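As structure tokens, the structure follows; a few thoughts come after it.
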Amino acid sequence: MKRKGVSYAKWGYIFSAPFAIGFLLFMLYPIVNTFLMGFTDMVGVAKLTEPMHVNPAGIFKVYNDLLHNKTFGKSIVTTFILWILNFIPQITVALVLAAWFTNDRLKIKGKGFFKVVFYLPNIITAASVAVLYSSFFQYSKEVMGPANELFMKLGLIDQPMDFFVNRSATRWIVIFIQFWMWYGYTMIVLISGILGISPELFEAADIDGANGFQKFLYVTIPSIKTILLYTFITSLIGGLQMYDIPYLLTQGNGEPDGAIRTTSVFIFKQAFGNVPSYNVAAAASMIMFIIIGILSAIVFFLMRDKDEAELHKLIKRQEKEYKAKLKAEKAQGGK
Amino acid sequence: MSTYDNQLTEMSEEQFRHNQKEKKVLKTLAHIGIYTVCIIFTLLSLIPFWFMISNATRTTSQIYGKSLSLVPSTHLVENYKALMKTDEKGQASSSGTQNFDPVTGFRNSFIVSAGATVLAIYFSTLTAYAIVVYDWKLKRAFFTFIMAVMMIPTQVTAIGFYLMVFRVHLNGTLWPLILPSIASPAMVFFMKQYMQPALSLEIIQSARIDGAGEFYTFNKIALPIMKPAMATQAIFAFVSSWNNLFLPSILLSSNAKLKTLPMMVALLKGDIYKVNMGALYLAITISILPLFIVYFALSKYIIAGVALGSVKG
């Protein structure tokens, strides 16, 4: 018989209430707002204080316009390009460094120092980093940044050039900065993943006579598949929101010619430019939200409680075995 | 197995030594390659900051055409005066900046970051405690929900948040940057993962028998046990709040006195940029310096925290 003691269940609700209220107020309600704003004619600061009403030009007018808006389309493409071109070298370098740092045979000294130094750029304010690099690549009558000098000394260019009038040069600068800020972080994440691999796997590979590279390819990589995927998707979600660097590196609208106008820069300019088009910014945010939502769903699926999934599998297997056993017994009984 | 043994015995000692030597050479070569790469990346990480610091001590004409030099000069004070010029008059001058006021920037950034960190840490731990310690009907659904919303970025909710803040007249105050951190799903997740093995329910039971109230038990027993996790999360919450640019620039633009440090750095661009490079570099240095100090003092914990945060589940 169950003896009913004091029920503490209500404390569960009380203690999680602040979070729930905070979530409803500061996340859910803003999302609902954003969702609704996309269907209104909210343009101009005066409209902010008026009650929302449906866009007289048609409820889906803003979405329809956005989907045909070349600037918006291009900004999505730009965002993906900037992200993928920094992610490929980032994950490659991070993987190689992580493999070296976790290889006991190599006995690399100063690992701790290297980790601290490689991670450093990640912790520095992105706004400061953007302004810093902006002045490195600066070129005008009055001032010339160190980048021009360096490239001339290295023989990469013959005379000083203005990097920020060149579309691909500007993109590569953003890609470099993103790489520079994130490879150390990715490396540390991968190192912790590799350190979590059971040493027995490596021992087994040793007995089989695998060399370092083979071990990396056939033991390390498959074992950190989940962490690699996690890195991939969180980096993608972060990359899709890239704002500080492309906003501050040039004049603030993804110059030159929208080369680094990411979706976040586009949204910011729509909402807080000369003519604040809150409805367009909201609709663009919603489209990004859907893209990110799909990606998050994948992460959620990957990171769901593993033990639980295992248990579920085990139960199913046992059920199956039990049924098979029953069947076999029945068959035997029939004989 | 037996063929392997045979090979070993067949191998003469000389051969064996030769192999060992070869291996040593290979290892040395590998080391040269690895250390070269590591040193290149070290320089890549550090040199931009060194350029920044050394240029902060030079005049614009010294920087022009000779900015590659890593040797500091002697114009630090001069640059500082140029940077601060406007503060005395309260107006922009041609060589000074309009907006860079590090003291105000520090204060605002600190209020926002400290406030947001304290709220995030306390309420995330409290929420995790509700999940770990108590049995309630909606618990599982609640936790699943937290995991599902973990990845929602503030950037997508920003426009709707701006509307809400505007309508309750909180734009131009620091509150909308602090209060939302009460609900930090990712931190709740981390705290719950840490709390589950660290907090024994028996201690809580015995506290109850001793007549302790539930809030008292949480504050006096659970919080001290959670200290290491709270410290790690505090560093990250603080730094990410400190570095935030997007939300502050939306919400605070109407009040010049409440600009955070990153906002001031952002405004440097259109400002003294073309006129006084030394002062610009100095301003960036000032904005980065506190992070440098915090980072090198706590780097051990920060690196460990990054590693810990990634291994989920």
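Every chain in the structure tokens has a letter given in the order shown (A, B, ...), and although residue numbers restart at 1 in each chain, ligands are simply numbered from 1 in the order shown.
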12 Å contact set for A:Gly238, only C-alpha atoms, chain neighbours under 6 positions out, as an mmCIF file with N, CA, C and O atoms, in the first residue's frame:
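out.cif, written as the output of this step:
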data_model
loop_
_atom_site.group_PDB
_atom_site.id
_atom_site.type_symbol
_atom_site.label_atom_id
_atom_site.label_comp_id
_atom_site.auth_asym_id
_atom_site.auth_seq_id
_atom_site.Cartn_x
_atom_site.Cartn_y
_atom_site.Cartn_z
ATOM 1 N N THR A 79 24.893 34.847 -46.955
ATOM 2 C CA THR A 79 25.092 34.303 -45.613
ATOM 3 C C THR A 79 25.619 32.877 -45.687
ATOM 4 O O THR A 79 26.569 32.519 -44.988
ATOM 5 N N PHE A 80 24.992 32.060 -46.542
ATOM 6 C CA PHE A 80 25.439 30.673 -46.662
ATOM 7 C C PHE A 80 26.857 30.583 -47.216
ATOM 8 O O PHE A 80 27.663 29.771 -46.753
ATOM 9 N N LEU A 82 29.292 32.863 -46.994
ATOM 10 C CA LEU A 82 30.242 33.295 -45.965
ATOM 11 C C LEU A 82 30.418 32.207 -44.915
ATOM 12 O O LEU A 82 31.526 31.958 -44.435
ATOM 13 N N TRP A 83 29.310 31.538 -44.585
ATOM 14 C CA TRP A 83 29.418 30.513 -43.559
ATOM 15 C C TRP A 83 30.198 29.295 -44.060
ATOM 16 O O TRP A 83 31.139 28.840 -43.426
ATOM 17 N N ILE A 84 29.798 28.772 -45.219
ATOM 18 C CA ILE A 84 30.394 27.501 -45.668
ATOM 19 C C ILE A 84 31.885 27.673 -45.952
ATOM 20 O O ILE A 84 32.690 26.812 -45.612
ATOM 21 N N PHE A 87 33.558 27.621 -42.692
ATOM 22 C CA PHE A 87 33.413 26.380 -41.922
ATOM 23 C C PHE A 87 34.358 25.287 -42.421
ATOM 24 O O PHE A 87 34.926 24.548 -41.606
ATOM 25 N N GLN A 178 35.958 35.215 -39.492
ATOM 26 C CA GLN A 178 35.105 34.189 -38.890
ATOM 27 C C GLN A 178 35.917 32.937 -38.570
ATOM 28 O O GLN A 178 35.772 32.346 -37.494
ATOM 29 N N TRP A 182 36.786 31.326 -34.720
ATOM 30 C CA TRP A 182 36.084 30.113 -34.313
ATOM 31 C C TRP A 182 36.877 28.813 -34.383
ATOM 32 O O TRP A 182 36.440 27.814 -33.831
ATOM 33 N N THR A 231 28.688 20.168 -33.970
ATOM 34 C CA THR A 231 29.492 21.327 -34.349
ATOM 35 C C THR A 231 28.979 21.935 -35.645
ATOM 36 O O THR A 231 28.829 23.150 -35.778
ATOM 37 N N PHE A 232 28.698 21.059 -36.593
ATOM 38 C CA PHE A 232 28.235 21.490 -37.905
ATOM 39 C C PHE A 232 26.960 22.318 -37.780
ATOM 40 O O PHE A 232 26.855 23.433 -38.307
ATOM 41 N N ASP A 244 27.669 41.104 -36.511
ATOM 42 C CA ASP A 244 28.630 42.122 -36.084
ATOM 43 C C ASP A 244 29.723 42.384 -37.118
ATOM 44 O O ASP A 244 30.000 43.532 -37.454
ATOM 45 N N SER A 264 21.012 39.008 -41.437
ATOM 46 C CA SER A 264 20.843 39.821 -40.233
ATOM 47 C C SER A 264 21.065 41.294 -40.524
ATOM 48 O O SER A 264 20.365 42.151 -39.986
ATOM 49 N N MET A 288 13.823 33.326 -41.555
ATOM 50 C CA MET A 288 15.054 32.818 -40.952
ATOM 51 C C MET A 288 14.732 31.861 -39.803
ATOM 52 O O MET A 288 15.390 30.842 -39.610
ATOM 53 N N ILE A 292 16.047 28.149 -39.325
ATOM 54 C CA ILE A 292 16.776 27.753 -38.117
ATOM 55 C C ILE A 292 15.995 26.687 -37.347
ATOM 56 O O ILE A 292 16.576 25.749 -36.794
ATOM 57 N N LEU A 295 16.673 23.342 -38.717
ATOM 58 C CA LEU A 295 18.013 22.891 -38.328
ATOM 59 C C LEU A 295 18.057 22.499 -36.852
ATOM 60 O O LEU A 295 18.689 21.507 -36.478
ATOM 61 N N SER A 296 17.351 23.279 -36.016
ATOM 62 C CA SER A 296 17.323 22.960 -34.585
ATOM 63 C C SER A 296 16.653 21.622 -34.336
ATOM 64 O O SER A 296 17.064 20.864 -33.458
ATOM 65 N N MET B 151 17.700 26.309 -28.954
ATOM 66 C CA MET B 151 18.427 26.889 -30.080
ATOM 67 C C MET B 151 17.771 28.160 -30.632
ATOM 68 O O MET B 151 18.257 28.727 -31.580
ATOM 69 N N ILE B 152 16.654 28.580 -30.060
ATOM 70 C CA ILE B 152 16.010 29.787 -30.592
ATOM 71 C C ILE B 152 16.906 30.995 -30.329
ATOM 72 O O ILE B 152 17.202 31.320 -29.187
ATOM 73 N N PRO B 153 17.359 31.635 -31.374
ATOM 74 C CA PRO B 153 18.243 32.768 -31.190
ATOM 75 C C PRO B 153 17.465 34.053 -30.944
ATOM 76 O O PRO B 153 16.382 34.236 -31.518
ATOM 77 N N THR B 154 17.995 34.928 -30.075
ATOM 78 C CA THR B 154 17.295 36.182 -29.796
ATOM 79 C C THR B 154 17.168 37.025 -31.055
ATOM 80 O O THR B 154 16.254 37.822 -31.170
ATOM 81 N N GLN B 155 18.096 36.813 -31.966
ATOM 82 C CA GLN B 155 18.086 37.636 -33.168
ATOM 83 C C GLN B 155 16.803 37.493 -33.979
ATOM 84 O O GLN B 155 16.352 38.453 -34.580
ATOM 85 N N VAL B 156 16.210 36.292 -33.989
ATOM 86 C CA VAL B 156 14.973 36.133 -34.755
ATOM 87 C C VAL B 156 13.772 36.708 -34.026
ATOM 88 O O VAL B 156 12.786 37.062 -34.633
#
_Residues within 12 Å of stretch 21-29 of chain B, only C-alpha atoms, excluding chain neighbours under 6 positions, as a VMD selection string_ = (chain A and resid 105 to 108 212) or (chain B and resid 14 to 15 35 to 36)
*Among stretch 80-175 of chain B, which ones does DSSP place in alpha helix (DSSP H), written as a PyMOL selection string?*
chain B and resi 80-89+102-133+139-149+154-167+175
*Provide the atom CA of B:Met150 to atom CA of A:Ile237 distance in Å, to one decimal place.*
11.8 Å
Could you make a table, as a Markdown table, of the residues of chain A that have an atom within 6 Å of an atom of chain B, each with its nearest atom pair and distance in Å to one decimal, counting only C-alpha atoms, in chain and number order?
| residue | atom | partner | partner_atom | distance |
| --- | --- | --- | --- | --- |
| A:Ala9 | CA | B:Trp136 | CA | 4.8 |
| A:Gly12 | CA | B:Ala130 | CA | 4.6 |
| A:Phe15 | CA | B:Ala130 | CA | 5.5 |
| A:Ser16 | CA | B:Thr127 | CA | 4.7 |
| A:Phe19 | CA | B:Ala183 | CA | 4.8 |
| A:Gly22 | CA | B:Ala183 | CA | 5.1 |
| A:Phe23 | CA | B:Ala183 | CA | 5.3 |
| A:Phe26 | CA | B:Pro180 | CA | 5.5 |
| A:Pro30 | CA | B:Gly160 | CA | 4.3 |
| A:Ile31 | CA | B:Thr157 | CA | 5.2 |
| A:Asn33 | CA | B:Gly160 | CA | 4.6 |
| A:Thr34 | CA | B:Gly160 | CA | 4.2 |
| A:Thr125 | CA | B:Asn243 | CA | 4.6 |
| A:Ala127 | CA | B:Pro262 | CA | 5.8 |
| A:Ser128 | CA | B:Ile284 | CA | 5.9 |
| A:Val143 | CA | B:Tyr64 | CA | 5.5 |
| A:Met144 | CA | B:Tyr64 | CA | 5.6 |
| A:Pro146 | CA | B:Ser67 | CA | 5.1 |
| A:Ile188 | CA | B:Ala307 | CA | 5.9 |
| A:Val189 | CA | B:Ala307 | CA | 5.3 |
| A:Ser192 | CA | B:Ala307 | CA | 5.4 |
| A:Ala282 | CA | B:Ile159 | CA | 5.9 |
| A:Ser285 | CA | B:Val156 | CA | 5.1 |
| A:Phe289 | CA | B:Val156 | CA | 5.9 |
What does the file look like for those residues with N, CA and C atoms, as a compact mmCIF listing (two decimals), in the first residue's frame?
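Full text of again-v9.txt as output:
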# COMPACT_ATOMS: atom_id res chain seq x y z
N ALA A 9 5.13 18.14 -5.05
CA ALA A 9 4.95 18.42 -6.48
C ALA A 9 4.76 19.91 -6.75
N GLY A 12 7.77 21.93 -7.50
CA GLY A 12 8.28 21.81 -8.87
C GLY A 12 7.71 22.91 -9.75
N PHE A 15 9.09 26.45 -8.48
CA PHE A 15 10.48 26.74 -8.82
C PHE A 15 10.70 26.91 -10.32
N SER A 16 9.86 26.30 -11.12
CA SER A 16 10.05 26.48 -12.56
C SER A 16 9.20 27.62 -13.11
N PHE A 19 11.08 30.76 -14.74
CA PHE A 19 11.55 30.44 -16.09
C PHE A 19 10.39 30.49 -17.07
N GLY A 22 9.25 34.02 -17.63
CA GLY A 22 10.27 34.69 -18.44
C GLY A 22 10.21 34.25 -19.89
N PHE A 23 10.02 32.96 -20.08
CA PHE A 23 9.95 32.45 -21.45
C PHE A 23 8.74 33.01 -22.19
N PHE A 26 9.37 36.97 -22.67
CA PHE A 26 10.52 37.48 -23.41
C PHE A 26 10.89 36.66 -24.64
N PRO A 30 7.36 37.79 -27.93
CA PRO A 30 8.04 38.44 -29.06
C PRO A 30 7.94 37.64 -30.36
N ILE A 31 7.99 36.31 -30.25
CA ILE A 31 7.90 35.51 -31.48
C ILE A 31 6.51 35.68 -32.10
N ASN A 33 4.56 38.24 -31.69
CA ASN A 33 4.60 39.60 -32.25
C ASN A 33 5.23 39.61 -33.63
N THR A 34 6.43 39.02 -33.71
CA THR A 34 7.15 39.00 -34.97
C THR A 34 6.30 38.34 -36.05
N THR A 125 35.27 40.81 -28.05
CA THR A 125 34.09 41.44 -28.62
C THR A 125 34.16 41.51 -30.15
N ALA A 127 32.51 43.23 -32.18
CA ALA A 127 32.48 44.60 -32.68
C ALA A 127 33.89 45.18 -32.72
N SER A 128 34.66 44.94 -31.65
CA SER A 128 36.03 45.44 -31.62
C SER A 128 36.88 44.77 -32.69
N VAL A 143 45.26 57.49 -44.69
CA VAL A 143 45.81 56.36 -43.93
C VAL A 143 45.86 55.09 -44.77
N MET A 144 46.85 54.28 -44.44
CA MET A 144 46.95 52.98 -45.07
C MET A 144 47.22 51.97 -43.97
N PRO A 146 48.04 48.26 -42.03
CA PRO A 146 49.16 47.33 -42.12
C PRO A 146 48.97 46.22 -43.16
N ILE A 188 38.72 22.87 -29.48
CA ILE A 188 38.54 22.42 -28.09
C ILE A 188 37.35 21.46 -27.98
N VAL A 189 36.27 21.79 -28.70
CA VAL A 189 35.10 20.90 -28.69
C VAL A 189 35.49 19.52 -29.22
N SER A 192 37.67 17.50 -26.78
CA SER A 192 36.92 16.86 -25.69
C SER A 192 36.14 15.67 -26.22
N ALA A 282 10.15 41.83 -39.88
CA ALA A 282 9.54 40.73 -39.13
C ALA A 282 9.35 39.51 -40.02
N SER A 285 12.60 37.90 -40.58
CA SER A 285 12.99 37.17 -39.37
C SER A 285 12.27 35.83 -39.30
N PHE A 289 13.67 32.22 -39.06
CA PHE A 289 13.27 31.40 -37.92
C PHE A 289 12.87 30.00 -38.38
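Shell of A:Asp104 at 12 Å, with only C-alpha atoms counted and residues fewer than 3 places along the chain excluded, is Ala98, Ala99, Trp100, Phe101, Lys107, Ile108, Lys109, Lys111, Leu195, Pro199, Phe202 and Gly212 of chain A.
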*Please provide as a list in words all residues within 9 Å of stretch 173-177 of chain A, with the sequence filter that same-chain residues fewer than 6 positions apart are discarded (counting only C-alpha atoms).*
Leu82, Trp83, Ile84, Leu85, Asn86, Phe87, Val129, Ala130, Tyr133, Phe137, Phe163, Ile245, Pro246, Leu249 and Ile260 of chain A
Could you write those residues out with C-alpha atoms, as a PDB file, in the first residue's frame?
ATOM      1  CA  LEU A  82      30.242  33.295 -45.965  1.00  0.00           C
ATOM      2  CA  TRP A  83      29.418  30.513 -43.559  1.00  0.00           C
ATOM      3  CA  ILE A  84      30.394  27.501 -45.668  1.00  0.00           C
ATOM      4  CA  LEU A  85      33.679  29.016 -46.851  1.00  0.00           C
ATOM      5  CA  ASN A  86      34.744  29.670 -43.271  1.00  0.00           C
ATOM      6  CA  PHE A  87      33.413  26.380 -41.922  1.00  0.00           C
ATOM      7  CA  VAL A 129      37.424  42.726 -33.864  1.00  0.00           C
ATOM      8  CA  ALA A 130      35.490  44.115 -36.832  1.00  0.00           C
ATOM      9  CA  TYR A 133      40.310  44.478 -39.018  1.00  0.00           C
ATOM     10  CA  PHE A 137      42.623  46.801 -44.301  1.00  0.00           C
ATOM     11  CA  PHE A 163      40.198  45.990 -50.367  1.00  0.00           C
ATOM     12  CA  ILE A 245      31.518  41.499 -38.467  1.00  0.00           C
ATOM     13  CA  PRO A 246      29.741  42.134 -41.804  1.00  0.00           C
ATOM     14  CA  LEU A 249      33.664  45.912 -41.412  1.00  0.00           C
ATOM     15  CA  ILE A 260      28.781  40.901 -47.258  1.00  0.00           C
TER      16      ILE A 260
END
_As an exercise, work out the distance from atom CA of B:Ala234 to atom CA of A:Pro121 in Å and give it to one decimal place._
19.2 Å
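You will find atom CA of A:Tyr243 at 7.0 Å from atom CA of A:Thr262.
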